[in-house]
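Structure first, commentary second.
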Amino acid sequence: MTWYQFGEWILRRRFRVLGVVGALTIFFGYFALQTQLVTSFGELLPQDHPFIKIAHKYDQYFGSVNNVTIMIEAKEGTIYQTEIIKKIVEMTHNLDLVYGIQHGSIRAVTTASYFKPLAGGVILSMPILPNGEIPTTQLELDELKNNVHKNPGVIFGQFVSFDDKAAVVVGSFLESRLDYKTIFKEIRRIVVDPARDSTVHIYLGGQPILYGWVYSYTNQFLWIFAATVLAVWLLLYLYFRDWRGALRPTISGVICAIWGLGFIRLLGFGLDPLVLVIPFLITARAVSHSVQMHDRYYEEYYRLRDKEKAILSSFSELFVPSLSGILTDAFGVLVILLVPVLFLQKLAITASFWIAAIIVSELILNPIVYYYLEPPRIDVIEKREHGIFKRLLQAIARPMLETGGRIATFAATLGVIALCAFFWQGLKVGDPSSQSPILWPDSPYNRAMAAIQNEFGAIEQFVVVAELPKRESLNDPKMYHVMDEYERYIEGDADVGRTFSVADLLSNGSSALLEFQPKWNVLPTTARGTGQLLGGLLAGSSPLSTAYIITPRRDATQITVYCKNRIGENVQRIVLRTQRFFADPKHQVPGVKFSLAAGIIGELAAANQEIIDNDVLLNVLAFTTIYIIVMITYRSFMAGLYLLFPLALANAAINAYMGAHDIGININTLPVVTVGVGFGIDYSIYIVSRIIEELALGRELKDATYTALVTSGKAVAFTALTLVASVLFWYWSSIRFDAEMGLLLAVWMFVSMLGAMTILPVLIVTFNPAFIQREKERVIASRRPDLAQRAVAASS
C-alpha cells in the first residue's frame, strides 16, 4: 500500500477513524482536566548516588535540604530588646505549628544552650532562656548578650549575627509531607505576619520558600498562554491569509495537548511549573508540522484544482518526512530514560508520548479535517505566492546557491563555529552565581537571601557525617580532634563562611571551667575527659533536642560546613578538598567512618556529578538515535551526516549561548536542554525531501534546491518564527528560569532553521551527495504517472 492509498483508506473510513480518535481524546481529556502543578526537588536528584543515600539516611536529624531560615533584623539598635526577643520566641513556637515541620528541628538563639560552670568543677548545659522567660530588664538583656558572646560559632555567629543586629530561626520540613504552597502560606500567615511591625525587617530563605514563591507566580501562566495563542493565531492568519490556515494547526495543537496532559495525569504524574515551557514547545511542534502540511495542501490544490486529490497528494508527499521528523524528536527524547534521575525518566516517558501523539493529531486526522473544510480560494493562494515573505526568500535563496553565495555561507558557518568554541568555554556545570537562577535577581526571595548572607556570611549547608558503628567511638578524643582539624582546614576556602560540629561544643565546655577564656577552647585528650564533657552537654536534654548534633541512637554525629553560594565549581572544589582530607591516613579514626555528604551542597554536588557523567552520553545517544532514523528514511549512511550537521551546529550555538549568558547546566536546566537536543531535525528533513521530489520532476540540482527553499523552506522559516513566538512570552514571567529557558528554546529553534535553510542546501548543491540521486530514482520508479503529470505542469 502506498501512502496515497493509505490516505484514501483514511478518507473511506473517516467516521471510524474520527470515532476512535474522538473516544481517545475524550478519555485523555478526562484526565487532562485533573492536571496538577507539582514540583519535587528530590526527584531531580540521582537517588543511587552515595551522597544522596547518606543524605536520606540522616536527613531526619541533620543536613536536610528542606530547611527554612527566617531572619529577623532590628531596624534600629540590636536584637537585645524585650519586644524583639519576644518576637523570636513566638516565631520559634509558631514555626512548630506549620504543616510538615519536623518537630525538634527548630533552632534559634532562644532555644540554644550554653555551658555553665558550677562549684566543684561541675559543668551544666543551661538553656539560654531559663524556663523560656523573656528578659524584661536591661540587666537581663545584658546577661543574655553576654551568654551569647561567650559561645562564638555555637550561638554567636550561628543564630545571632556578629553585629548583634539580626537573629535567625531555622527549621526543617519532612520530605514525606512537602507541600510547598501550604508551607509558604502558613509560614507567612502563622509565623511572619504576626511579628511584622515598624521595628524589624523579616526575611525568608530556604528551598521550601523558593518553591513557594514559584507557585505564587503560577497565576501568570494563564496570561502567558492567552498571549501565546493570540500571537500564534495572528501569525497563522497573516501567513495563510484565511481563517482555515489558523484553524487547522490549532486543531492539531489542541488534540496533541489533550493527549499529552491526559497521559501525564493517567500515569499519576504532575506538571512541574519549572518546565512548563516544554509542553508549550511540544504543542508548538504539532502546530509546526501542521503548517507544513497545510502549506503543501494549498500548493497542491492550486495545481490540481481538486480538493480530494490535493488532500491525498499533499498527504502522500509529506507523510514520510513528517513521520521521520516526529519519530526523531520522540526517540531523541526517550533516551533520557537512561539517566538515573526520576524526574528525567518521567519526562522522557511523557514528553516522548506527547510528541508521538502528533502522528495522530497531524498525520491521521489531516485528510479528514481537510475533507470537511472548504478549499481555499484561488485568489488567496495566488496572493500568497507573490507575498513579501516568499519574495524575501527568493531574494536570499538564489544568490546564496551561486558560487559566491556558497563561499560566503561556508565562511559564515566557520565564523559561527569559532564563536561557539570561544563562548562554549564559559559554560558551567551547576549554578553559575550565588543567586538562585530560578528567580530574577531583584525578586523578593533573592533579596531576602542576599540580606541573610550579608548578616551571617553563609547559610548553604554541606554536611559530613561521622558514622559510629560502635557507641564507644563517641568518646574517642581523636575523632573530635580530626573534626576540629577539618573545620580549620575547610574554613581556609574563600567560599566557606563558617563550620559547626560537636567538637566546637566540647571545646567551649573546656573554656567554661576557666572563665570562658578563648585560649582554653581546647578539646580533651582522653576518653574520660571527652565522656565527661559529652555527659554535661547531653544531660537534661531529650535525645530529640540534641539530634541535630548526635543522633538519638548515638550512632552518628556531623560536621556542618556553611558555604557562601552554590556555584558549581565552588561546590566541586569543596567536595574534592573534603575527600582528599579524609582520605589521608592520618585522618583515619578506628571505628569511625566519615561519609559525604548531606545538606543542599552535598546533594547538588551529587546532581552535578551525574550531569558530568551523563551529559555527553545523552547527546551521543540522542544524535545516534536521530542518525539511525534519518539513515533508514533515506537509505544512506551519508544522509545522516548531512542532516545532523545543522543540528549539531544548533546545539553548539546553544551551549555557547548558555556560556555567554551565564546559564549553567544544572538539575533545573538539564531537562529542558536534553528535550531540545533533537528539535529542529525535521526542518532539514522537509528541505531534503522536497529537493529529492523536485529532482524527480526533472529539475537540475540547483533549481530543485532553490524550489525547495521557496516552498518547503518558506513553511520551515515560518514555523520557526511561530515556535519563537510560542515561547517568547515566557520572558515576561516572574520565574526567571522559565523566562530564560523560553528565550533559549526560541534561539535554539531559530538557529536550527537557519542551519537547515543555509548550510544544508549549500552542502547539497556543492557536493551533490549520492543519496539524493538514489532517492530521486526511487521516487521516479514508484510514482511515474503522477510525476509525469507534475513535470508537465512544472515546465508550463
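Please note that chains go A, B, ... in the order of the C-alpha cells, that every chain numbers its residues from 1, and that ligands are numbered from 1 in the order shown.
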As a PyMOL selection string, please: the residues near segment 663-673 of chain A (cut-off 8 Å, only C-alpha atoms, same-chain neighbours under 6 positions excluded).
chain A and resi 44-45+274-275+278+344+347+427-432+607-608+611+741
Write down as a PyMOL selection string the residues belonging to segment 463-589 of chain A that are assigned alpha helix (DSSP H) by DSSP computed on the backbone.
chain A and resi 477-490+502-512+527-538+568-583
Can you list, as JSON, numbers by chain, all residues belonging to segment 144-265 of chain A that DSSP tags as strand (DSSP E)?
{"A": [166, 167, 168, 169, 170, 171, 172, 200, 201, 202, 203, 204, 205]}
Identify, on the basis of only C-alpha atoms, every residue whose closest approach to Ile632 of chain A does not exceed 12 Å; exclude the query and any residue fewer than 5 positions from it along the same chain; express the result as JSON, numbers by chain.
{"A": [320, 321, 324, 327, 328, 625, 626, 627, 637, 638, 639, 640, 771, 775]}
Atom pair atom CA of Ala231 of chain A / atom CA of Thr250 of chain A: separation (Å):
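About the pair atom CA of Ala231 of chain A and atom CA of Thr250 of chain A: they are 12.2 Å apart.
Between Thr283 of chain A and the candidates A:Leu236, A:Leu723, A:Leu621, A:Leu760, the tightest atom-to-atom separation, counting only C-alpha atoms, involves A:Leu723.
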Long-range neighbours of Pro130 of chain A as number ranges by chain, 12 Å cut-off, only C-alpha atoms, 2 positions minimum in chain:
A: 110-114, 125-128, 132-135, 140, 143-144
Using only C-alpha atoms, the shortest atom-to-atom distance to Phe353 of chain A among A:Phe623, A:Phe263, A:Lys75, A:Asp493 belongs to A:Phe263
